[in-house]
Every structure is written in C-alpha cells, then in structure tokens.
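Worksheet: the structure to be examined is printed underneath.
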Amino acid sequence: MADSPITRKMLLVYKEHSDWSSLPSSERILLEKAWTETNNAYAPYSNFRVGASLELENGVLIPGSNQENASFPAGLCAERVAIFAAMGQQPGVKVQRIAITAINKENNLKRPVYPCGFCAQVLIDLEERQNAPVSIILGLKDGGAVVMESAKMLLPFSFSKDDL
Ligand code: THU
C-alpha cells in the first residue's frame, strides 16, 4: 500500500462475505462473541445495541458494548469501551482484531455497522501506538460481513500524531 506524502492516497482493500459461514472460524467466533455483547449494551435512548469483541495477541478477548447516558454525549460506543478497557487492563499487549455487530429495536438493519469516525480515529491511533494493524471484522447477524486488514481502511485521510 503506497502512501503519497501529500494525500496519503491508498487503496481501499476489504473482503465481503454474504454470510458468516464463509468467514474463517476465528473471525466467525469473534463475531459471535460480539453478538453476545449486544446483550450488555445500555441503550435506552437509541435502542441501538452494539457489541464488540477485541482479540489481543496473547489470545485474551476483551468485550465492549455501547453505554449510553441521559446526557447523550457522555455515552460511549462499544468499540471504545473495549479498546480503552484493553489498554487499561493489558498495557503493552497488541490488539490483533476487533469484531463489531449491532441490532436495532426493529431488528431490520440492512448491512453491517461501521465504526463511527471517533472510533475509527481511536483505532487508527492504536495502530500507530502499537505499530501493527488491527483487523476489523464487521457483521450483520444472519447477514453479511466485511473484513478489512487495517483500521486505515475506515478513515483513509485520518488525523495523525505526525500532523501535530
Ligand atoms: N454506536 C456504537 O457503539 N458504535 C458504533 O460504531 C456506532 C454507534 C452506538 C452509540 C450510541 O449508543 C448508539 O450506537 C447510537 O448511535
């Protein structure tokens, strides 16, 4: 992936799966963990429950789910709940991948949910911090999945510490 010094232009590379059965088993299992985590979401305001499961290089899995608050901006996305928990609990251990899934009140989501811009930024910062990519596994239960090898695919023109 050749980066231009000015635009950091890069090729967007990702793999689509029409259902979870065609995923490698390790990715499917991580998505299933993320699905279980949607039960732990606290989402009385949006009724949109997100589950994440993060796998570390030592095999430890860290769960995350969105946690909302009556003061809306005080809530936190599932991805950042898992990422910051991992940083606090297993400092220095690299994150290899994160699986993310979601369900809304009507259970009628049409496609896998992509991390929001804040979470994409946090994931990219994490990649820089650990000098290794984080695979992103996004899946809609009983639907498709998208796998990308790096969080940079989510936000190609992200802000970086190199810009400071
Ligand atoms: N949410 C996540 O947890 N992750 C995402 O990638 C997108 C959004 C949460 C935040 C909020 O609790 C709810 O979903 C609706 O935006």
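All residue names refer to the structure tokens as shown: chains lettered A, B, ... in order, residues numbered from 1 in each chain, ligands numbered from 1 in order.
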
Could the residues that lie within 8 Å of ligand 1, counting only C-alpha atoms and all ligand atoms, be listed as a ChimeraX atom specification? /A:42-43,45-51,65-68,75-80,100,113-116,119

Quick one: everything within 6 Å of Ile124 of chain A, counting only C-alpha atoms, minus sequence neighbours fewer than 3 positions away in the same chain. Send it as a ChimeraX atom specification. /A:121,127,151

Considering only C-alpha atoms, can you say which of A:Ser25, A:Ser53, A:Ser135, A:Gln89 comes closest to Glu149 of chain A? A:Ser135

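Residues of segment 63-139 of chain A assigned to strand (DSSP E) by DSSP on this structure's backbone: Pro63, Gly64, Ser65, Val95, Gln96, Arg97, Ile98, Ala99, Ile100, Thr101, Ala102, Ile103, Ser135, Ile136, Ile137, Leu138 and Gly139 of chain A.
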
Given the selection you just returned, output its residues as a file containing N, CA and C atoms, formatted as a compact mmCIF listing (two decimals), in the first residue's frame.
```txt
# COMPACT_ATOMS: atom_id res chain seq x y z
N PRO A 63 -14.35 -7.63 25.94
CA PRO A 63 -15.67 -7.29 25.43
C PRO A 63 -15.96 -5.79 25.51
N GLY A 64 -16.90 -5.35 24.69
CA GLY A 64 -17.37 -3.97 24.77
C GLY A 64 -18.79 -3.87 24.26
N SER A 65 -19.54 -2.95 24.82
CA SER A 65 -20.89 -2.68 24.34
C SER A 65 -21.17 -1.21 24.55
N VAL A 95 -3.27 -5.35 20.10
CA VAL A 95 -4.62 -5.74 19.68
C VAL A 95 -4.51 -6.28 18.24
N GLN A 96 -5.00 -7.49 18.03
CA GLN A 96 -4.92 -8.07 16.70
C GLN A 96 -6.16 -7.78 15.86
N ARG A 97 -7.32 -7.89 16.48
CA ARG A 97 -8.54 -7.64 15.71
C ARG A 97 -9.70 -7.26 16.60
N ILE A 98 -10.70 -6.69 15.95
CA ILE A 98 -11.92 -6.33 16.67
C ILE A 98 -13.11 -6.72 15.79
N ALA A 99 -14.08 -7.38 16.40
CA ALA A 99 -15.31 -7.73 15.70
C ALA A 99 -16.43 -6.85 16.25
N ILE A 100 -17.30 -6.40 15.37
CA ILE A 100 -18.36 -5.46 15.75
C ILE A 100 -19.67 -5.88 15.09
N THR A 101 -20.73 -5.86 15.87
CA THR A 101 -22.05 -6.13 15.30
C THR A 101 -23.09 -5.31 16.07
N ALA A 102 -24.28 -5.22 15.53
CA ALA A 102 -25.30 -4.36 16.16
C ALA A 102 -26.69 -4.87 15.83
N ILE A 103 -27.63 -4.40 16.63
CA ILE A 103 -29.05 -4.71 16.36
C ILE A 103 -29.87 -3.48 16.76
N SER A 135 -7.14 -5.79 12.55
CA SER A 135 -8.15 -6.26 11.59
C SER A 135 -9.53 -5.87 12.10
N ILE A 136 -10.37 -5.46 11.17
CA ILE A 136 -11.72 -5.03 11.52
C ILE A 136 -12.70 -6.03 10.91
N ILE A 137 -13.53 -6.62 11.76
CA ILE A 137 -14.49 -7.63 11.30
C ILE A 137 -15.88 -7.10 11.63
N LEU A 138 -16.65 -6.78 10.60
CA LEU A 138 -17.98 -6.19 10.80
C LEU A 138 -19.01 -7.18 10.29
N GLY A 139 -20.03 -7.44 11.08
CA GLY A 139 -21.00 -8.42 10.63
C GLY A 139 -22.42 -8.08 11.04
```

Could I get the residues of segment 39-145 of chain A with an atom no further than 8 Å from an atom of segment 4-24 of chain A, each paired with its nearest atom pair and that distance in Å to one decimal, using only C-alpha atoms, sorted by chain and residue number, as CSV?
```
residue,atom,partner,partner_atom,distance
A:Gly139,CA,A:Trp20,CA,7.4
A:Lys141,CA,A:Trp20,CA,7.9
A:Asp142,CA,A:Asp19,CA,6.7
A:Gly143,CA,A:Asp19,CA,5.2
A:Gly144,CA,A:Asp19,CA,4.3
A:Ala145,CA,A:His17,CA,5.0
```

Okay, now the selection with N, CA and C atoms, as a tab-separated table (two decimals), in the first residue's frame?
```tsv
chain	number	residue	atom	x	y	z
A	139	GLY	N	-20.03	-7.44	11.08
A	139	GLY	CA	-21.00	-8.42	10.63
A	139	GLY	C	-22.42	-8.08	11.04
A	141	LYS	N	-25.83	-9.89	11.97
A	141	LYS	CA	-26.27	-11.23	12.35
A	141	LYS	C	-27.25	-11.78	11.30
A	142	ASP	N	-27.01	-13.00	10.88
A	142	ASP	CA	-27.81	-13.64	9.82
A	142	ASP	C	-27.74	-12.83	8.53
A	143	GLY	N	-26.66	-12.09	8.37
A	143	GLY	CA	-26.48	-11.31	7.15
A	143	GLY	C	-25.02	-11.33	6.75
A	144	GLY	N	-24.55	-10.30	6.10
A	144	GLY	CA	-23.21	-10.27	5.55
A	144	GLY	C	-22.14	-9.88	6.55
A	145	ALA	N	-20.92	-9.89	6.06
A	145	ALA	CA	-19.77	-9.46	6.86
A	145	ALA	C	-18.77	-8.78	5.95
```
